[in-house]
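Asker: Sharing target37.cif, mmCIF, C-alpha atoms and all ligand atoms:
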data_protein
loop_
_atom_site.group_PDB
_atom_site.id
_atom_site.type_symbol
_atom_site.label_atom_id
_atom_site.label_comp_id
_atom_site.auth_asym_id
_atom_site.auth_seq_id
_atom_site.Cartn_x
_atom_site.Cartn_y
_atom_site.Cartn_z
ATOM 1 C CA MET A 132 112.458 108.119 79.131
ATOM 2 C CA ASP A 133 109.306 106.011 79.319
ATOM 3 C CA GLU A 134 109.582 104.150 76.008
ATOM 4 C CA ILE A 135 108.853 100.476 76.466
ATOM 5 C CA ALA A 136 108.033 97.720 74.008
ATOM 6 C CA ALA A 137 104.682 96.782 75.599
ATOM 7 C CA ASP A 138 101.411 98.235 74.359
ATOM 8 C CA PRO A 139 99.523 100.447 76.866
ATOM 9 C CA SER A 140 96.570 98.057 76.517
ATOM 10 C CA HIS A 141 98.692 95.228 77.991
ATOM 11 C CA PRO A 142 97.103 94.188 81.325
ATOM 12 C CA ARG A 143 100.450 94.549 83.126
ATOM 13 C CA TYR A 144 101.449 97.749 81.337
ATOM 14 C CA ALA A 145 101.790 99.894 84.474
ATOM 15 C CA SER A 146 103.867 97.200 86.138
ATOM 16 C CA LEU A 147 106.095 96.794 83.071
ATOM 17 C CA LEU A 148 106.585 100.539 82.926
ATOM 18 C CA MET A 149 107.766 100.586 86.552
ATOM 19 C CA ARG A 150 110.185 97.726 85.833
ATOM 20 C CA HIS A 151 111.515 99.662 82.864
ATOM 21 C CA ARG A 152 112.049 102.742 85.027
ATOM 22 C CA LEU A 153 114.060 100.601 87.454
ATOM 23 C CA GLU A 154 116.194 99.211 84.634
ATOM 24 C CA VAL A 155 116.964 102.731 83.421
ATOM 25 C CA ALA A 156 117.827 103.828 86.968
ATOM 26 C CA GLN A 157 120.039 100.826 87.491
ATOM 27 C CA ALA A 158 121.967 101.623 84.327
ATOM 28 C CA LYS A 159 122.472 105.161 85.675
ATOM 29 C CA GLY A 160 123.894 103.805 88.960
ATOM 30 C CA MET A 161 121.022 105.124 91.083
ATOM 31 C CA LEU A 162 120.029 101.870 92.786
ATOM 32 C CA ALA A 163 121.278 99.793 95.679
ATOM 33 C CA ASP A 164 121.978 96.105 95.007
ATOM 34 C CA SER A 165 118.803 95.115 96.868
ATOM 35 C CA ALA A 166 116.540 97.529 94.957
ATOM 36 C CA MET A 167 114.972 94.890 92.708
ATOM 37 C CA ILE A 168 114.210 92.661 95.694
ATOM 38 C CA ALA A 169 112.441 95.506 97.485
ATOM 39 C CA HIS A 170 110.482 96.216 94.306
ATOM 40 C CA GLY A 171 109.524 92.559 93.910
ATOM 41 C CA ARG A 172 108.159 92.483 97.429
ATOM 42 C CA GLY A 173 106.042 95.511 96.623
ATOM 43 C CA GLU A 174 104.795 94.001 93.342
ATOM 44 C CA ALA A 175 103.580 90.874 95.130
ATOM 45 C CA PHE A 176 101.438 92.949 97.486
ATOM 46 C CA ASP A 177 100.160 95.080 94.612
ATOM 47 C CA TYR A 178 98.997 91.902 92.890
ATOM 48 C CA LEU A 179 96.931 91.134 95.972
ATOM 49 C CA LEU A 180 95.502 94.649 95.961
ATOM 50 C CA GLY A 181 94.453 94.150 92.330
ATOM 51 C CA GLU A 182 96.714 97.068 91.376
ATOM 52 C CA VAL A 183 94.115 99.606 92.452
ATOM 53 C CA THR A 184 93.904 102.312 95.081
ATOM 54 C CA THR A 185 91.523 100.956 97.685
ATOM 55 C CA PRO A 186 88.931 103.147 99.461
ATOM 56 C CA SER A 187 90.972 103.060 102.700
ATOM 57 C CA ALA A 188 94.127 104.108 100.798
ATOM 58 C CA HIS A 189 92.171 106.986 99.252
ATOM 59 C CA LYS A 190 91.124 108.074 102.736
ATOM 60 C CA ALA A 191 94.690 107.877 104.056
ATOM 61 C CA THR A 192 95.923 109.777 100.986
ATOM 62 C CA ARG A 193 93.544 112.682 101.592
ATOM 63 C CA HIS A 194 94.435 112.869 105.285
ATOM 64 C CA ALA A 195 98.178 112.665 104.532
ATOM 65 C CA LEU A 196 97.915 115.399 101.917
ATOM 66 C CA ALA A 197 96.043 117.662 104.343
ATOM 67 C CA CYS A 198 98.774 117.113 106.965
ATOM 68 C CA MET A 199 101.471 117.948 104.412
ATOM 69 C CA MET A 200 99.616 121.114 103.416
ATOM 70 C CA GLU A 201 99.314 122.141 107.063
ATOM 71 C CA GLY A 202 102.925 121.280 107.925
ATOM 72 C CA ARG A 203 105.096 124.171 109.037
ATOM 73 C CA ARG A 204 108.082 122.516 107.357
ATOM 74 C CA THR A 205 107.041 119.654 105.160
ATOM 75 C CA VAL A 206 109.779 117.648 103.440
ATOM 76 C CA LEU A 207 109.534 114.856 100.873
ATOM 77 C CA SER A 208 112.247 112.221 101.276
ATOM 78 C CA VAL A 209 113.593 110.447 98.183
ATOM 79 C CA ASN A 210 115.627 107.230 98.036
ATOM 80 C CA GLY A 211 116.953 105.362 95.001
ATOM 81 C CA ASN A 212 113.786 103.393 94.235
ATOM 82 C CA VAL A 213 111.604 106.471 94.699
ATOM 83 C CA ALA A 214 113.807 108.496 92.335
ATOM 84 C CA ALA A 215 113.701 105.643 89.815
ATOM 85 C CA LEU A 216 109.943 105.122 89.929
ATOM 86 C CA ALA A 217 108.463 108.543 90.526
ATOM 87 C CA THR A 218 110.821 111.514 90.258
ATOM 88 C CA ASP A 219 108.353 113.522 88.150
ATOM 89 C CA GLU A 220 105.480 112.879 90.541
ATOM 90 C CA MET A 221 107.610 113.760 93.600
ATOM 91 C CA LEU A 222 108.809 116.989 91.970
ATOM 92 C CA THR A 223 105.271 117.937 90.917
ATOM 93 C CA LEU A 224 103.977 117.309 94.442
ATOM 94 C CA ALA A 225 106.837 119.275 96.043
ATOM 95 C CA ASP A 226 106.174 122.143 93.654
ATOM 96 C CA ALA A 227 102.456 122.181 94.468
ATOM 97 C CA LEU A 228 103.161 122.049 98.222
ATOM 98 C CA ASP A 229 106.045 124.514 97.937
ATOM 99 C CA CYS A 230 108.345 122.273 99.954
ATOM 100 C CA PRO A 231 111.779 120.722 99.337
ATOM 101 C CA LEU A 232 112.771 117.214 98.301
ATOM 102 C CA GLU A 233 115.650 115.643 100.174
ATOM 103 C CA VAL A 234 117.613 112.695 98.822
ATOM 104 C CA ASN A 235 118.228 110.388 101.741
ATOM 105 C CA ILE A 236 119.473 106.927 100.912
ATOM 106 C CA PHE A 237 120.177 103.921 103.071
ATOM 107 C CA TYR A 238 123.351 102.728 101.314
ATOM 108 C CA ARG A 239 124.950 106.128 100.788
ATOM 109 C CA THR A 240 127.883 106.350 98.388
ATOM 110 C CA PRO A 241 129.042 109.526 96.646
ATOM 111 C CA GLU A 242 128.447 107.861 93.246
ATOM 112 C CA ARG A 243 124.829 106.915 93.997
ATOM 113 C CA MET A 244 124.072 110.323 95.514
ATOM 114 C CA GLU A 245 125.467 112.018 92.419
ATOM 115 C CA ALA A 246 123.489 109.763 90.067
ATOM 116 C CA ILE A 247 120.203 110.354 91.926
ATOM 117 C CA LEU A 248 120.726 114.104 92.356
ATOM 118 C CA GLY A 249 121.705 114.379 88.675
ATOM 119 C CA HIS A 250 118.559 112.544 87.568
ATOM 120 C CA ILE A 251 116.297 114.720 89.745
ATOM 121 C CA SER A 252 117.974 117.888 88.575
ATOM 122 C CA GLU A 253 117.487 116.861 84.906
ATOM 123 C CA ARG A 254 113.783 116.201 85.491
ATOM 124 C CA ASN A 255 113.343 119.432 87.534
ATOM 125 C CA GLU A 256 114.599 121.350 84.513
ATOM 126 C CA ALA A 257 112.702 119.269 81.938
ATOM 127 C CA LEU A 258 109.425 119.876 83.797
ATOM 128 C CA GLY A 259 110.170 123.606 84.019
ATOM 129 C CA LEU A 260 110.135 123.479 87.827
ATOM 130 C CA ASP A 261 112.414 125.032 90.388
ATOM 131 C CA VAL A 262 111.957 122.683 93.340
ATOM 132 C CA THR A 263 114.607 122.912 96.072
ATOM 133 C CA VAL A 264 116.471 119.601 96.128
ATOM 134 C CA LEU A 265 118.589 118.791 99.188
ATOM 135 C CA GLY A 266 120.930 115.947 99.984
ATOM 136 C CA HIS A 267 124.126 117.187 98.331
ATOM 137 C CA ALA A 268 125.661 118.686 101.471
ATOM 138 C CA PRO A 269 124.348 117.069 104.648
ATOM 139 C CA ASN A 270 125.099 119.102 107.753
ATOM 140 C CA ALA A 271 123.150 117.189 110.421
ATOM 141 C CA SER A 272 122.361 113.696 111.660
ATOM 142 C CA ILE A 273 119.162 111.857 112.503
ATOM 143 C CA PRO A 274 119.545 110.919 116.192
ATOM 144 C CA GLY A 275 119.542 107.193 116.896
ATOM 145 C CA LEU A 276 120.952 106.110 113.534
ATOM 146 C CA LYS A 277 124.562 105.188 112.905
ATOM 147 C CA GLY A 278 126.834 105.836 109.923
ATOM 148 C CA PRO A 279 126.117 107.589 106.631
ATOM 149 C CA ARG A 280 122.441 106.578 106.695
ATOM 150 C CA ALA A 281 121.914 109.148 109.476
ATOM 151 C CA SER A 282 123.127 112.060 107.324
ATOM 152 C CA CYS A 283 120.614 114.762 106.491
ATOM 153 C CA HIS A 284 120.171 118.498 106.026
ATOM 154 C CA LYS A 285 119.296 120.654 109.023
ATOM 155 C CA GLU A 286 117.109 122.889 106.851
ATOM 156 C CA GLY A 287 115.450 119.767 105.408
ATOM 157 C CA ILE A 288 114.741 116.511 107.200
ATOM 158 C CA LEU A 289 116.179 117.485 110.588
ATOM 159 C CA ASP A 290 113.945 120.519 111.128
ATOM 160 C CA SER A 291 110.879 119.161 109.329
ATOM 161 C CA ASP A 292 107.651 118.565 111.220
ATOM 162 C CA VAL A 293 105.874 116.552 108.518
ATOM 163 C CA ILE A 294 107.835 114.131 106.348
ATOM 164 C CA LEU A 295 106.776 111.887 103.476
ATOM 165 C CA VAL A 296 108.925 108.744 103.391
ATOM 166 C CA PRO A 297 107.880 106.447 100.567
ATOM 167 C CA LEU A 298 109.349 102.912 100.639
ATOM 168 C CA GLU A 299 111.261 103.685 103.816
ATOM 169 C CA ASP A 300 113.317 101.318 105.893
ATOM 170 C CA GLY A 301 111.843 100.523 109.317
ATOM 171 C CA ASP A 302 114.806 101.767 111.371
ATOM 172 C CA ARG A 303 114.820 105.191 109.822
ATOM 173 C CA CYS A 304 111.054 105.464 110.027
ATOM 174 C CA ARG A 305 111.256 104.780 113.768
ATOM 175 C CA ALA A 306 114.106 107.288 114.264
ATOM 176 C CA LEU A 307 112.045 109.991 112.542
ATOM 177 C CA LEU A 308 109.023 109.178 114.706
ATOM 178 C CA GLU A 309 111.161 109.411 117.812
ATOM 179 C CA MET A 310 112.050 112.953 116.755
ATOM 180 C CA GLY A 311 108.335 113.758 117.080
ATOM 181 C CA LYS A 312 107.607 114.149 113.372
ATOM 182 C CA THR A 313 104.419 113.269 111.542
ATOM 183 C CA VAL A 314 105.745 110.429 109.380
ATOM 184 C CA ILE A 315 103.751 109.606 106.254
ATOM 185 C CA VAL A 316 104.632 106.220 104.766
ATOM 186 C CA ILE A 317 103.735 104.897 101.327
ATOM 187 C CA ASP A 318 104.229 101.134 101.294
ATOM 188 C CA LEU A 319 102.420 98.308 99.547
ATOM 189 C CA ASN A 320 103.229 95.948 102.398
ATOM 190 C CA PRO A 321 100.879 96.626 105.338
ATOM 191 C CA LEU A 322 103.013 94.294 107.475
ATOM 192 C CA SER A 323 106.363 96.102 107.066
ATOM 193 C CA ARG A 324 107.764 97.845 110.121
ATOM 194 C CA SER A 325 107.450 101.247 108.441
ATOM 195 C CA ALA A 326 103.815 100.606 107.561
ATOM 196 C CA GLN A 327 103.056 99.419 111.087
ATOM 197 C CA GLU A 328 104.790 102.301 112.824
ATOM 198 C CA GLY A 329 104.168 105.282 110.535
ATOM 199 C CA THR A 330 101.807 108.028 111.668
ATOM 200 C CA ILE A 331 99.859 107.683 108.423
ATOM 201 C CA THR A 332 100.380 104.733 106.075
ATOM 202 C CA ILE A 333 99.151 104.785 102.511
ATOM 203 C CA VAL A 334 99.038 101.157 101.389
ATOM 204 C CA ASP A 335 99.280 101.828 97.681
ATOM 205 C CA GLU A 336 101.736 101.743 94.807
ATOM 206 C CA LEU A 337 104.020 104.769 94.947
ATOM 207 C CA SER A 338 103.288 106.362 91.568
ATOM 208 C CA ARG A 339 99.525 105.755 91.977
ATOM 209 C CA ALA A 340 99.480 107.365 95.427
ATOM 210 C CA LEU A 341 101.472 110.389 94.239
ATOM 211 C CA THR A 342 99.320 110.790 91.117
ATOM 212 C CA ASN A 343 96.239 110.739 93.359
ATOM 213 C CA MET A 344 97.717 113.478 95.563
ATOM 214 C CA VAL A 345 98.670 115.662 92.613
ATOM 215 C CA GLY A 346 95.186 115.124 91.125
ATOM 216 C CA LEU A 347 93.503 116.243 94.359
ATOM 217 C CA LEU A 348 95.626 119.395 94.377
ATOM 218 C CA LYS A 349 95.123 120.145 90.674
ATOM 219 C CA ARG A 350 91.359 119.768 90.968
ATOM 220 C CA GLY A 351 91.418 122.077 93.985
ATOM 221 C CA GLU A 352 89.563 119.512 96.081
ATOM 222 C CA ASN A 353 88.891 120.346 99.671
ATOM 223 C CA VAL A 354 91.183 118.016 101.628
ATOM 224 C CA VAL A 355 91.060 118.349 105.381
ATOM 225 C CA VAL A 356 92.834 116.731 108.314
ATOM 226 C CA ASP A 357 90.764 113.787 109.537
ATOM 227 C CA SER A 358 90.768 114.098 113.320
ATOM 228 C CA LYS A 359 89.360 110.562 113.626
ATOM 229 C CA TYR A 360 92.056 108.996 111.438
ATOM 230 C CA ASN A 361 93.187 105.611 112.767
ATOM 231 C CA ASN A 362 96.260 104.032 111.169
ATOM 232 C CA GLU A 363 95.621 100.595 112.637
ATOM 233 C CA ALA A 364 92.212 100.556 110.973
ATOM 234 C CA THR A 365 93.817 101.618 107.670
ATOM 235 C CA LEU A 366 96.265 98.702 107.811
ATOM 236 C CA LYS A 367 93.520 96.275 108.779
ATOM 237 C CA ALA A 368 91.380 97.435 105.859
ATOM 238 C CA ALA A 369 94.301 96.876 103.449
ATOM 239 C CA LEU A 370 94.880 93.361 104.762
ATOM 240 C CA GLU A 371 91.172 92.555 104.579
ATOM 241 C CA TRP A 372 91.066 93.785 100.981
ATOM 242 C CA MET A 373 93.955 91.445 100.125
ATOM 243 C CA LEU A 374 92.377 88.487 101.922
ATOM 244 C CA ASN A 375 89.091 89.076 100.107
ATOM 245 C CA SER A 376 90.885 89.149 96.779
ATOM 246 C CA LEU A 377 92.372 85.732 97.630
ATOM 247 C CA LYS A 378 88.954 84.349 98.595
ATOM 248 C CA GLN A 379 87.631 85.249 95.163
ATOM 249 C CA VAL A 380 90.135 82.981 93.408
HETATM 250 P P1 LIG A 401 110.664 97.362 106.955
HETATM 251 O O1 LIG A 401 112.137 97.652 107.114
HETATM 252 O O2 LIG A 401 109.817 98.595 107.013
HETATM 253 O O3 LIG A 401 110.117 96.250 107.808
HETATM 254 P P2 LIG A 401 111.269 96.154 104.358
HETATM 255 O O4 LIG A 401 112.450 95.446 104.889
HETATM 256 O O5 LIG A 401 110.353 95.424 103.425
HETATM 257 O O6 LIG A 401 110.376 96.779 105.495
HETATM 258 P P3 LIG A 401 112.585 97.862 102.511
HETATM 259 O O7 LIG A 401 113.030 96.684 101.724
HETATM 260 O O8 LIG A 401 113.554 98.836 103.014
HETATM 261 O O9 LIG A 401 111.697 97.492 103.706
HETATM 262 O O10 LIG A 401 111.497 98.702 101.657
HETATM 263 C C1 LIG A 401 110.815 98.217 100.636
HETATM 264 C C2 LIG A 401 109.316 98.366 100.940
HETATM 265 O O11 LIG A 401 108.751 99.114 99.894
HETATM 266 C C3 LIG A 401 108.642 97.007 100.956
HETATM 267 O O12 LIG A 401 107.817 96.920 102.094
HETATM 268 C C4 LIG A 401 107.787 96.986 99.677
HETATM 269 O O13 LIG A 401 106.548 96.376 99.914
HETATM 270 C C5 LIG A 401 107.599 98.451 99.391
HETATM 271 N N1 LIG A 401 107.512 98.780 97.958
HETATM 272 C C6 LIG A 401 108.338 98.384 96.961
HETATM 273 N N2 LIG A 401 107.983 98.938 95.789
HETATM 274 C C7 LIG A 401 106.911 99.728 96.040
HETATM 275 C C8 LIG A 401 106.100 100.593 95.247
HETATM 276 N N3 LIG A 401 106.321 100.775 93.959
HETATM 277 N N4 LIG A 401 105.102 101.260 95.857
HETATM 278 C C9 LIG A 401 104.875 101.123 97.191
HETATM 279 N N5 LIG A 401 105.609 100.318 98.001
HETATM 280 C C10 LIG A 401 106.611 99.627 97.429
#
Show me, as structure tokens, the structure contained in the file I just sent.
Ligand code: ATP
Answerer:
Amino acid sequence: MDEIAADPSHPRYASLLMRHRLEVAQAKGMLADSAMIAHGRGEAFDYLLGEVTTPSAHKATRHALACMMEGRRTVLSVNGNVAALATDEMLTLADALDCPLEVNIFYRTPERMEAILGHISERNEALGLDVTVLGHAPNASIPGLKGPRASCHKEGILDSDVILVPLEDGDRCRALLEMGKTVIVIDLNPLSRSAQEGTITIVDELSRALTNMVGLLKRGENVVVDSKYNNEATLKAALEWMLNSLKQV
């Protein structure tokens, strides 16, 4: 799945690999028309981060992971780009947390849902996992959203108390917050509405952030809820990191 022409020693290897994953997903019909644009916006911010997980992102990651571990009903939400870029990491995290994944896409069509669910199911089997994957039969709606984008599972997103929403659209992020959930956002853009409004925002590249979480769990590290966590400070630290990287040019 991950065979690309570039050598792993290429300075942009990780970025090329992510682009390749998107190309594969596009060929499978998993992506919305605007998927590449959303990815490009993320790439630009990652360039400014220096393609590393910053200390403040590490801190937010640990706090977010602790909240997911403590959640009564934690759910990991998956859209087309997330499925394209990090299905294995999302499945591995869900398995370690013993929680479901729910496919929840903005531009919902039966064809895209089928393509994404099919891809996740293939990877679930290939990894030898048995993660519960929802999204196939929505039986509830997220209040405050209109149309198919509101559709969700009652036993999944609707009744969750902690939800991970990587690369989420601002409207849906707000609707989930208004339901009283702890909303954990992963977004490279500290200025996006989701990043600004999320309960906890990890300003990091999706696959890096998920790999960090899985690593913390695998190493059995002691991650605890940070009662002093301040999301505004996290966003400010990300922006300062980017500004400093510009000053060094
Ligand atoms: P909002 O609606 O929250 O104001 P937006 O219009 O930018 O933001 P979308 O286009 O729905 O939101 O989501 C794409 C977001 O995902 C962008 O903010 C982009 O920076 C981010 N993004 C794209 N690729 C990645 C990635 N691989 N890792 C982390 N974030 C990413």
Asker: Using all atoms listed in the file, what are the residues with an atom within 10 Å of ligand LIG 401 (chain A), set out as a PyMOL selection string?
Answerer: chain A and resi 146+149-150+165-177+210+212-213+215-217+237+297-305+316-329+333-341
Asker: If you measure from CA of Lys378 in chain A to CA of Thr184 in chain A, what distance in Å do you get, rounded to one decimal?
Answerer: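 Calculated distance between CA of Lys378 in chain A and CA of Thr184 in chain A is 19.0 Å.
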Asker: Here is a test: counting only C-alpha atoms, which residue of A:Arg254, A:Lys312, A:Lys159, A:Arg280 is nearest to Glu220 in chain A?
Answerer: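 Residue with the minimum atom-to-atom distance to Glu220 in chain A: A:Arg254.
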Asker: Step by step: start from the point (119.7, 118.2, 88.3) in the file's coordinates, keep every protein, DNA or RNA residue that has an atom no farther than 12 Å from it, count only C-alpha atoms, and write the set as a PyMOL selection string.
Answerer: chain A and resi 218+222+244-267
Asker: Box in all listed atoms of range 229-234 of chain A, axis-aligned, with 5 Å more on each side; write out centre and edge lengths in Å to one decimal as JSON.
Answerer:
{"center_x": 111.8, "center_y": 118.6, "center_z": 99.1, "size_x": 21.6, "size_y": 21.8, "size_z": 12.2}
Asker: Could you state the separation of CA of Gly275 in chain A and CA of Val206 in chain A in Å, given to one decimal place?
Answerer: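 Taking CA of Gly275 in chain A as the start and CA of Val206 in chain A as the end point, the length is 19.6 Å.
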Asker: Range 147-195 of chain A near range 355-375 of chain A within 12 Å: what's each residue's closest atom pair and its distance in Å to one decimal, counting only C-alpha atoms, ordered by chain then ascending residue number, as a tab-separated table?
Answerer:
residue	atom	partner	partner_atom	distance
A:Ala175	CA	A:Met373	CA	10.9
A:Phe176	CA	A:Met373	CA	8.1
A:Asp177	CA	A:Met373	CA	9.1
A:Tyr178	CA	A:Met373	CA	8.8
A:Leu179	CA	A:Met373	CA	5.1
A:Leu180	CA	A:Met373	CA	5.5
A:Gly181	CA	A:Met373	CA	8.3
A:Glu182	CA	A:Met373	CA	10.8
A:Val183	CA	A:Trp372	CA	10.8
A:Thr184	CA	A:Ala369	CA	10.0
A:Thr185	CA	A:Ala369	CA	7.6
A:Pro186	CA	A:Ala368	CA	8.9
A:Ser187	CA	A:Thr365	CA	5.9
A:Ala188	CA	A:Thr365	CA	7.3
A:His189	CA	A:Thr365	CA	10.1
A:Lys190	CA	A:Thr365	CA	8.6
A:Ala191	CA	A:Thr365	CA	7.3
A:Thr192	CA	A:Val356	CA	10.6
A:Arg193	CA	A:Val355	CA	7.3
A:His194	CA	A:Val356	CA	5.2
A:Ala195	CA	A:Val356	CA	7.7
Asker: Write a file of the selected residues as an mmCIF file, keeping the file's coordinate frame, keeping C-alpha atoms.
Answerer:
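Generated file (selection-v1.cif):
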data_model
loop_
_atom_site.group_PDB
_atom_site.id
_atom_site.type_symbol
_atom_site.label_atom_id
_atom_site.label_comp_id
_atom_site.auth_asym_id
_atom_site.auth_seq_id
_atom_site.Cartn_x
_atom_site.Cartn_y
_atom_site.Cartn_z
ATOM 1 C CA ALA A 175 103.580 90.874 95.130
ATOM 2 C CA PHE A 176 101.438 92.949 97.486
ATOM 3 C CA ASP A 177 100.160 95.080 94.612
ATOM 4 C CA TYR A 178 98.997 91.902 92.890
ATOM 5 C CA LEU A 179 96.931 91.134 95.972
ATOM 6 C CA LEU A 180 95.502 94.649 95.961
ATOM 7 C CA GLY A 181 94.453 94.150 92.330
ATOM 8 C CA GLU A 182 96.714 97.068 91.376
ATOM 9 C CA VAL A 183 94.115 99.606 92.452
ATOM 10 C CA THR A 184 93.904 102.312 95.081
ATOM 11 C CA THR A 185 91.523 100.956 97.685
ATOM 12 C CA PRO A 186 88.931 103.147 99.461
ATOM 13 C CA SER A 187 90.972 103.060 102.700
ATOM 14 C CA ALA A 188 94.127 104.108 100.798
ATOM 15 C CA HIS A 189 92.171 106.986 99.252
ATOM 16 C CA LYS A 190 91.124 108.074 102.736
ATOM 17 C CA ALA A 191 94.690 107.877 104.056
ATOM 18 C CA THR A 192 95.923 109.777 100.986
ATOM 19 C CA ARG A 193 93.544 112.682 101.592
ATOM 20 C CA HIS A 194 94.435 112.869 105.285
ATOM 21 C CA ALA A 195 98.178 112.665 104.532
#
Asker: In terms of the shortest atom-to-atom distance over all atoms listed in the file, which of A:Cys230, A:Leu147, A:Val293, A:Leu307 is closest to Ile273 in chain A?
Answerer: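 Going through A:Cys230, A:Leu147, A:Val293, A:Leu307 one by one, the smallest distance to Ile273 in chain A is for A:Leu307.
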Asker: Please indicate the distance in Å from CA of Ala197 in chain A to CA of Met344 in chain A, rounded to one decimal place.
Answerer: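 Value for the CA of Ala197 in chain A-CA of Met344 in chain A distance: 9.9 Å.
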Asker: Counting all atoms listed in the file, figure out which residue out of A:His141, A:Arg243, A:Lys285, A:Arg203 gets nearest to Asp164 in chain A.
Answerer: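 Checking each of A:His141, A:Arg243, A:Lys285, A:Arg203 against Asp164 in chain A, counting all atoms listed in the file, the winner is A:Arg243.
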Asker: Return the single residue from A:Val209, A:Leu232, A:Leu153, A:Leu148 that is closest to Glu134 in chain A, with distances computed using all atoms listed in the file.
Answerer: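 Closest residue, counting all atoms listed in the file: A:Leu148.
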Asker: Which residues fall under the PyMOL selection byres (((chain A and resi 274) around 10) and not hetatm) in this file, as a CSV table (one decimal) with C-alpha atoms, keeping the file's coordinate frame?
Answerer:
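After the write, out_11.csv holds the following:
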chain,number,residue,atom,x,y,z
A,271,ALA,CA,123.2,117.2,110.4
A,272,SER,CA,122.4,113.7,111.7
A,273,ILE,CA,119.2,111.9,112.5
A,275,GLY,CA,119.5,107.2,116.9
A,276,LEU,CA,121.0,106.1,113.5
A,277,LYS,CA,124.6,105.2,112.9
A,281,ALA,CA,121.9,109.1,109.5
A,282,SER,CA,123.1,112.1,107.3
A,289,LEU,CA,116.2,117.5,110.6
A,303,ARG,CA,114.8,105.2,109.8
A,306,ALA,CA,114.1,107.3,114.3
A,307,LEU,CA,112.0,110.0,112.5
A,309,GLU,CA,111.2,109.4,117.8
A,310,MET,CA,112.0,113.0,116.8
Asker: Taking into account only C-alpha atoms, which residue in the set A:Asp138, A:Glu352, A:Glu242, A:Asp229 is nearest to Gly202 in chain A?
Answerer: A:Asp229
Asker: Limit the output to N, CA, C and O atoms and give range 146-157 of chain A as a PDB file, in the first residue's frame.
Answerer:
ATOM      1  N   SER A 146       6.273  13.549   3.672  1.00  0.00           N
ATOM      2  CA  SER A 146       5.273  14.338   2.960  1.00  0.00           C
ATOM      3  C   SER A 146       4.867  13.646   1.641  1.00  0.00           C
ATOM      4  O   SER A 146       3.684  13.582   1.292  1.00  0.00           O
ATOM      5  N   LEU A 147       5.850  13.091   0.959  1.00  0.00           N
ATOM      6  CA  LEU A 147       5.548  12.385  -0.303  1.00  0.00           C
ATOM      7  C   LEU A 147       4.699  11.142  -0.045  1.00  0.00           C
ATOM      8  O   LEU A 147       3.802  10.797  -0.823  1.00  0.00           O
ATOM      9  N   LEU A 148       4.999  10.493   1.061  1.00  0.00           N
ATOM     10  CA  LEU A 148       4.233   9.295   1.430  1.00  0.00           C
ATOM     11  C   LEU A 148       2.765   9.650   1.676  1.00  0.00           C
ATOM     12  O   LEU A 148       1.853   8.957   1.222  1.00  0.00           O
ATOM     13  N   MET A 149       2.543  10.780   2.366  1.00  0.00           N
ATOM     14  CA  MET A 149       1.160  11.204   2.636  1.00  0.00           C
ATOM     15  C   MET A 149       0.444  11.550   1.324  1.00  0.00           C
ATOM     16  O   MET A 149      -0.714  11.209   1.126  1.00  0.00           O
ATOM     17  N   ARG A 150       1.171  12.206   0.404  1.00  0.00           N
ATOM     18  CA  ARG A 150       0.562  12.530  -0.891  1.00  0.00           C
ATOM     19  C   ARG A 150       0.188  11.247  -1.636  1.00  0.00           C
ATOM     20  O   ARG A 150      -0.868  11.163  -2.257  1.00  0.00           O
ATOM     21  N   HIS A 151       1.082  10.266  -1.532  1.00  0.00           N
ATOM     22  CA  HIS A 151       0.807   8.990  -2.210  1.00  0.00           C
ATOM     23  C   HIS A 151      -0.451   8.343  -1.620  1.00  0.00           C
ATOM     24  O   HIS A 151      -1.305   7.833  -2.345  1.00  0.00           O
ATOM     25  N   ARG A 152      -0.551   8.386  -0.293  1.00  0.00           N
ATOM     26  CA  ARG A 152      -1.741   7.790   0.344  1.00  0.00           C
ATOM     27  C   ARG A 152      -3.022   8.475  -0.147  1.00  0.00           C
ATOM     28  O   ARG A 152      -4.050   7.832  -0.335  1.00  0.00           O
ATOM     29  N   LEU A 153      -2.939   9.793  -0.342  1.00  0.00           N
ATOM     30  CA  LEU A 153      -4.114  10.521  -0.849  1.00  0.00           C
ATOM     31  C   LEU A 153      -4.446  10.105  -2.277  1.00  0.00           C
ATOM     32  O   LEU A 153      -5.618   9.953  -2.627  1.00  0.00           O
ATOM     33  N   GLU A 154      -3.408   9.914  -3.080  1.00  0.00           N
ATOM     34  CA  GLU A 154      -3.645   9.499  -4.478  1.00  0.00           C
ATOM     35  C   GLU A 154      -4.346   8.138  -4.512  1.00  0.00           C
ATOM     36  O   GLU A 154      -5.286   7.929  -5.282  1.00  0.00           O
ATOM     37  N   VAL A 155      -3.863   7.236  -3.661  1.00  0.00           N
ATOM     38  CA  VAL A 155      -4.469   5.890  -3.615  1.00  0.00           C
ATOM     39  C   VAL A 155      -5.939   6.006  -3.188  1.00  0.00           C
ATOM     40  O   VAL A 155      -6.834   5.397  -3.776  1.00  0.00           O
ATOM     41  N   ALA A 156      -6.173   6.836  -2.170  1.00  0.00           N
ATOM     42  CA  ALA A 156      -7.546   6.998  -1.657  1.00  0.00           C
ATOM     43  C   ALA A 156      -8.444   7.646  -2.705  1.00  0.00           C
ATOM     44  O   ALA A 156      -9.620   7.292  -2.841  1.00  0.00           O
ATOM     45  N   GLN A 157      -7.877   8.574  -3.443  1.00  0.00           N
ATOM     46  CA  GLN A 157      -8.692   9.218  -4.475  1.00  0.00           C
ATOM     47  C   GLN A 157      -9.105   8.194  -5.539  1.00  0.00           C
ATOM     48  O   GLN A 157     -10.256   8.175  -5.970  1.00  0.00           O
TER      49      GLN A 157
END
